[in-house]
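A short worksheet on the structure shown next.
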Amino acid sequence: MTVFLIIIVVALFGITVWQLTKIFQLSRDNSSIDSTQISNNKDNRTQGNLMLAFGIGFYLFMLYCFWFYSDRALPASSSEHGSEYDTLMFISLAVIMFVQIITQGLLHWFSYRYKGRKGQKALFFADNDKLEFIWTIIPVIVLAGLIIYGLFTWSSIMNIDEDEGNPLVIEIYAKQFAWEARYAGADNTLGKANVRFIEGINTVGIDVSDSYAMDDKVTAELRLPVGRPVIFKFRSQDVLHSAYFPHFRAQMNVVPGMTTQFAFTPTVTTKEIRETEYMTDKVAKIKELRKKRSDAGELDMADYEEFDYYLLCNKICGTAHYNMQMRIIVETEEEFNTWLAGQREFGEVLEAQRAQEQQSQPQQPAAPVQNNDEAGDNVAQVQN
Ligand SMILES: [Cu+2]
């Protein structure tokens with residue numbers, strides 16, 4: 001690879017020197033210009049044809065890519081706001097593509113149609129008010145429309161009414177390189193937490209002195225009831241992460257030292273999405289690919305069984321960033337309640353640990369406490 005790069009650099013350097021000597025030659029003596037350096041009708045024809053061929057090839061390639069990558073697109077959204085988001089995305093892309101096809105198409109067609117001919121001179125005009133008016137007003141109207149539409153969509157997605165629809169409050173806690181979830185418990189209020197309180201089983205730094213905290217439930221799996229709004233509060237222990245829920249069209253930065261939030265309402269359960277035609281096809285394809293690669297001895301991962309939603313990290317946060325994920329299960333309210341009831345409250349976990357500690361550590365004599373007050377006073381006096 002390095003050798004290849006060196007060869008390219010040397011070749012490019014050679015071409016540069018060659019072009020430079022040509023420029024020096026041209027600037028020194030006009031009579032020495034070779035007539036082959038000026039494009040003739042044949043050159044213009046070749047260039048015109050190449051421009052047309054490139055234009056056609058470009059669009060054929062685009063169509064091929066649409067066809068080839070069509071099965072990579074995400075399935076229909078599994079959240080309530082997702083369809084709004086998808087419509088906005090589709091309209092923006094449609095407008096961009098429409099303009100792109102016209103302008104790029106004209107560029108290539110004009111280069112071909114009006115290629116240089118001997119004796120033919122281009123028409124020159126300094127300005128045209130009508131043309132300028134048209135190409136200013138159309139983008140202004142289209143862009144203003146898109147921006148206003150986007151703003152309305154944004155505020156309808158981001159403005160959360162915390163009193164409507166009995167929303168569930170879940171904290172998503174990020175650290176290199178894992179996620180944890182904390183359910184707010186019976187009071188649906190998350191207890192205070194701070195990174196300084198992280199110790200032993202208290203992996204997300206819950207403030208034990210806060211009465212709201214004792215019924216919180218920390219889990220390694222994210223389960224959501226279908227049809228109920230969920231408010232996610234994000235915290236990070238170390239660096240910037242980004243909570244990415246592609247199937248729910250949601251993403252939010254997770255920033256150390258502050259709480260960010262996002263809310264959505266899941267609309268499709270894990271069971272339901274597994275049964276869609278899109279997902280059965282996709283899973284069959286993935287299994288086939290994995291089997292092929294594991295038969296060839298490239299990978300040992302023919303064990304993929306079924307689709308699951310995942311929460312992924314979408315900020316490159318370190319070496320194992322690619323593997324920072326948490327499974328999400330969307331289920332009926334009933335199934336969800338049964339599962340949640342089976343999870344231990346933080347207060348219980350804490351008590352169990354204390355009991356265990358007392359059992360395993362027989363009473364030790366208390367260590368002598370050193371009285372530092374005097375020393376502290378001395379320092380204060382010296383400063384005074
Ligand atoms: Cu991360």
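Labeling convention for the structure tokens: chains A, B, ... as they appear, residues from 1 per chain, ligands from 1 in order of appearance.
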**Study point:** segment 59-265 of chain A: residues DSSP assigns to alpha helix (DSSP H), reported as a ChimeraX atom specification
**Key:** /A:59-68,82-113,129-158
Practice item. Let me have all residues with an atom within 10 Å of ligand 1, counting only C-alpha atoms and all ligand atoms, laid out as number ranges by chain. Key: A: 174-179, 236, 238-244, 253-254, 312-325
With C-alpha atoms retained, export the selected residues as a compact mmCIF listing (two decimals), in the first residue's frame.
# COMPACT_ATOMS: atom_id res chain seq x y z
CA ALA A 174 -24.47 5.77 29.03
CA LYS A 175 -20.91 4.80 29.81
CA GLN A 176 -18.01 3.37 27.86
CA PHE A 177 -19.30 0.98 26.46
CA ALA A 178 -22.73 0.02 27.70
CA TRP A 179 -26.19 1.34 28.40
CA SER A 236 -23.53 10.04 30.58
CA ASP A 238 -17.79 9.72 30.89
CA VAL A 239 -17.79 11.08 27.35
CA LEU A 240 -20.25 12.23 24.70
CA HIS A 241 -22.50 9.40 23.53
CA SER A 242 -25.56 9.50 21.34
CA ALA A 243 -28.64 7.41 21.98
CA TYR A 244 -29.83 6.21 18.59
CA ASN A 253 -26.90 13.39 22.38
CA VAL A 254 -25.92 12.05 25.79
CA LEU A 312 -27.17 2.00 19.62
CA CYS A 313 -24.50 4.56 20.33
CA ASN A 314 -24.07 6.98 17.45
CA LYS A 315 -21.07 8.98 18.65
CA ILE A 316 -17.63 7.51 18.22
CA CYS A 317 -16.92 7.31 21.94
CA GLY A 318 -13.92 4.95 22.05
CA THR A 319 -12.51 1.59 21.04
CA ALA A 320 -15.62 -0.54 21.70
CA HIS A 321 -18.08 2.10 20.50
CA TYR A 322 -19.27 -0.20 17.70
CA ASN A 323 -20.51 -2.70 20.28
CA MET A 324 -22.29 -0.27 22.59
CA GLN A 325 -25.88 -1.40 22.39
Review point. What is the distance, in Å and to one decimal place, between atom CA of Glu333 of chain A and atom CA of Phe307 of chain A?
Key: 20.7 Å
Practice item. Would you please extract all strand (DSSP E or B) residues from segment 267-366 of chain A, as assigned by DSSP on the backbone, and give them as a VMD selection string? Key: chain A and resid 309 to 313 325 to 331
Exercise for review: Kindly indicate which residue among A:Ser78, A:Gln25, A:Asn188, A:Gln358 lies nearest to Val226 of chain A, using only C-alpha atoms for the distances.
Suggested key: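 For Val226 of chain A, the nearest of the candidates is A:Ser78.
The gap separating atom CA of Val95 of chain A from atom CA of Ile148 of chain A is 14.9 Å, in Å to one decimal.
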Review point. Near Glu335 of chain A, counting only C-alpha atoms, which residues have an atom at most 12 Å away, once you skip same-chain residues fewer than 3 positions from it, shown as number ranges by chain?
Key: A: 223-226, 269, 329-332, 338-342
Sorted by chain and rising residue number, list the residues of segment 3-73 of chain A at most 12 Å from segment 279-299 of chain A (counting only C-alpha atoms), each with its closest atom pair and distance in Å to one decimal, as a Markdown table.
| residue | atom | partner | partner_atom | distance |
| --- | --- | --- | --- | --- |
| A:Ser70 | CA | A:Lys282 | CA | 11.7 |
| A:Asp71 | CA | A:Lys282 | CA | 7.9 |
| A:Arg72 | CA | A:Lys282 | CA | 9.0 |
| A:Ala73 | CA | A:Lys282 | CA | 10.7 |
Check your understanding: Which of these residues is nearest to Thr219 of chain A, using only C-alpha atoms: A:Glu180, A:Asp161, A:Asp187, A:Glu306?
Key ->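 Closest residue, counting only C-alpha atoms: A:Glu180.
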Check your understanding: With distances taken over only C-alpha atoms, which of A:Ile56, A:Ala144, A:Val169, A:Leu311 is nearest to Pro246 of chain A?
Key ->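 Looking at the shortest contact to Pro246 of chain A, the residue is A:Leu311.
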If you count only C-alpha atoms, which residues fall within 7 Å of segment 256-268 of chain A, apart from same-chain ones fewer than 3 positions away, as a PDB file with N, CA, C and O atoms, in the first residue's frame?
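File written: around17.pdb
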ATOM      1  N   SER A  78     -41.575   2.625  13.832  1.00  0.00           N
ATOM      2  CA  SER A  78     -42.286   1.950  14.925  1.00  0.00           C
ATOM      3  C   SER A  78     -42.664   2.919  16.029  1.00  0.00           C
ATOM      4  O   SER A  78     -42.879   2.516  17.170  1.00  0.00           O
ATOM      5  N   SER A  79     -42.683   4.215  15.721  1.00  0.00           N
ATOM      6  CA  SER A  79     -43.097   5.183  16.734  1.00  0.00           C
ATOM      7  C   SER A  79     -44.115   6.132  16.122  1.00  0.00           C
ATOM      8  O   SER A  79     -44.208   6.264  14.911  1.00  0.00           O
ATOM      9  N   GLU A  80     -44.833   6.822  17.015  1.00  0.00           N
ATOM     10  CA  GLU A  80     -45.932   7.666  16.555  1.00  0.00           C
ATOM     11  C   GLU A  80     -45.448   8.838  15.704  1.00  0.00           C
ATOM     12  O   GLU A  80     -45.999   9.106  14.643  1.00  0.00           O
ATOM     13  N   HIS A  81     -44.395   9.516  16.172  1.00  0.00           N
ATOM     14  CA  HIS A  81     -43.935  10.698  15.432  1.00  0.00           C
ATOM     15  C   HIS A  81     -43.145  10.316  14.178  1.00  0.00           C
ATOM     16  O   HIS A  81     -42.883  11.159  13.326  1.00  0.00           O
ATOM     17  N   MET A 158     -40.516  17.503  19.326  1.00  0.00           N
ATOM     18  CA  MET A 158     -39.689  17.777  20.504  1.00  0.00           C
ATOM     19  C   MET A 158     -40.456  18.321  21.702  1.00  0.00           C
ATOM     20  O   MET A 158     -40.002  18.194  22.837  1.00  0.00           O
ATOM     21  N   ILE A 160     -42.773  18.120  24.485  1.00  0.00           N
ATOM     22  CA  ILE A 160     -43.423  17.011  25.169  1.00  0.00           C
ATOM     23  C   ILE A 160     -44.400  17.555  26.193  1.00  0.00           C
ATOM     24  O   ILE A 160     -44.044  18.398  27.019  1.00  0.00           O
ATOM     25  N   VAL A 226     -46.244  -0.855  24.496  1.00  0.00           N
ATOM     26  CA  VAL A 226     -46.689  -0.290  23.219  1.00  0.00           C
ATOM     27  C   VAL A 226     -47.816   0.721  23.463  1.00  0.00           C
ATOM     28  O   VAL A 226     -48.637   0.551  24.373  1.00  0.00           O
ATOM     29  N   GLY A 227     -47.809   1.799  22.707  1.00  0.00           N
ATOM     30  CA  GLY A 227     -48.904   2.767  22.762  1.00  0.00           C
ATOM     31  C   GLY A 227     -48.855   3.751  23.913  1.00  0.00           C
ATOM     32  O   GLY A 227     -49.747   4.568  24.054  1.00  0.00           O
ATOM     33  N   ARG A 228     -47.821   3.670  24.770  1.00  0.00           N
ATOM     34  CA  ARG A 228     -47.743   4.610  25.891  1.00  0.00           C
ATOM     35  C   ARG A 228     -46.535   5.528  25.676  1.00  0.00           C
ATOM     36  O   ARG A 228     -45.443   5.039  25.375  1.00  0.00           O
ATOM     37  N   PRO A 229     -46.728   6.853  25.828  1.00  0.00           N
ATOM     38  CA  PRO A 229     -45.588   7.763  25.634  1.00  0.00           C
ATOM     39  C   PRO A 229     -44.484   7.470  26.647  1.00  0.00           C
ATOM     40  O   PRO A 229     -44.772   7.199  27.809  1.00  0.00           O
ATOM     41  N   VAL A 230     -43.252   7.500  26.178  1.00  0.00           N
ATOM     42  CA  VAL A 230     -42.110   7.274  27.063  1.00  0.00           C
ATOM     43  C   VAL A 230     -41.222   8.514  27.015  1.00  0.00           C
ATOM     44  O   VAL A 230     -40.870   8.976  25.939  1.00  0.00           O
ATOM     45  N   ILE A 231     -40.899   9.047  28.191  1.00  0.00           N
ATOM     46  CA  ILE A 231     -39.967  10.172  28.256  1.00  0.00           C
ATOM     47  C   ILE A 231     -38.614   9.623  28.677  1.00  0.00           C
ATOM     48  O   ILE A 231     -38.483   9.036  29.749  1.00  0.00           O
ATOM     49  N   PHE A 232     -37.640   9.789  27.814  1.00  0.00           N
ATOM     50  CA  PHE A 232     -36.294   9.315  28.125  1.00  0.00           C
ATOM     51  C   PHE A 232     -35.459  10.475  28.635  1.00  0.00           C
ATOM     52  O   PHE A 232     -35.442  11.549  28.033  1.00  0.00           O
ATOM     53  N   LYS A 233     -34.773  10.252  29.760  1.00  0.00           N
ATOM     54  CA  LYS A 233     -33.835  11.244  30.284  1.00  0.00           C
ATOM     55  C   LYS A 233     -32.449  10.634  30.147  1.00  0.00           C
ATOM     56  O   LYS A 233     -32.215   9.539  30.661  1.00  0.00           O
ATOM     57  N   PHE A 234     -31.570  11.327  29.453  1.00  0.00           N
ATOM     58  CA  PHE A 234     -30.263  10.738  29.163  1.00  0.00           C
ATOM     59  C   PHE A 234     -29.168  11.350  30.029  1.00  0.00           C
ATOM     60  O   PHE A 234     -29.107  12.575  30.178  1.00  0.00           O
ATOM     61  N   ARG A 235     -28.316  10.494  30.570  1.00  0.00           N
ATOM     62  CA  ARG A 235     -27.124  10.965  31.301  1.00  0.00           C
ATOM     63  C   ARG A 235     -25.919  10.145  30.856  1.00  0.00           C
ATOM     64  O   ARG A 235     -26.063   8.989  30.446  1.00  0.00           O
ATOM     65  N   SER A 236     -24.745  10.754  30.947  1.00  0.00           N
ATOM     66  CA  SER A 236     -23.526  10.036  30.577  1.00  0.00           C
ATOM     67  C   SER A 236     -22.547  10.067  31.727  1.00  0.00           C
ATOM     68  O   SER A 236     -22.460  11.052  32.463  1.00  0.00           O
ATOM     69  N   GLN A 237     -21.816   8.970  31.881  1.00  0.00           N
ATOM     70  CA  GLN A 237     -20.845   8.891  32.971  1.00  0.00           C
ATOM     71  C   GLN A 237     -19.502   9.490  32.574  1.00  0.00           C
ATOM     72  O   GLN A 237     -18.783  10.025  33.399  1.00  0.00           O
ATOM     73  N   ASP A 238     -19.159   9.381  31.275  1.00  0.00           N
ATOM     74  CA  ASP A 238     -17.793   9.719  30.893  1.00  0.00           C
ATOM     75  C   ASP A 238     -17.664  10.694  29.736  1.00  0.00           C
ATOM     76  O   ASP A 238     -17.279  11.828  29.921  1.00  0.00           O
ATOM     77  N   VAL A 239     -18.009  10.234  28.532  1.00  0.00           N
ATOM     78  CA  VAL A 239     -17.786  11.080  27.351  1.00  0.00           C
ATOM     79  C   VAL A 239     -19.117  11.304  26.635  1.00  0.00           C
ATOM     80  O   VAL A 239     -20.155  10.846  27.077  1.00  0.00           O
ATOM     81  N   LEU A 240     -19.051  12.024  25.522  1.00  0.00           N
ATOM     82  CA  LEU A 240     -20.253  12.226  24.699  1.00  0.00           C
ATOM     83  C   LEU A 240     -20.675  10.908  24.072  1.00  0.00           C
ATOM     84  O   LEU A 240     -19.866  10.232  23.445  1.00  0.00           O
ATOM     85  N   MET A 252     -30.635  11.224  20.344  1.00  0.00           N
ATOM     86  CA  MET A 252     -30.359  12.363  21.220  1.00  0.00           C
ATOM     87  C   MET A 252     -28.939  12.257  21.768  1.00  0.00           C
ATOM     88  O   MET A 252     -28.495  11.174  22.133  1.00  0.00           O
ATOM     89  N   GLU A 272     -44.807  -8.056  16.682  1.00  0.00           N
ATOM     90  CA  GLU A 272     -45.478  -7.624  15.441  1.00  0.00           C
ATOM     91  C   GLU A 272     -44.484  -7.348  14.324  1.00  0.00           C
ATOM     92  O   GLU A 272     -44.698  -7.746  13.179  1.00  0.00           O
ATOM     93  N   ILE A 273     -43.382  -6.657  14.659  1.00  0.00           N
ATOM     94  CA  ILE A 273     -42.446  -6.291  13.577  1.00  0.00           C
ATOM     95  C   ILE A 273     -41.735  -7.535  13.040  1.00  0.00           C
ATOM     96  O   ILE A 273     -41.405  -7.605  11.857  1.00  0.00           O
TER      97      ILE A 273
END
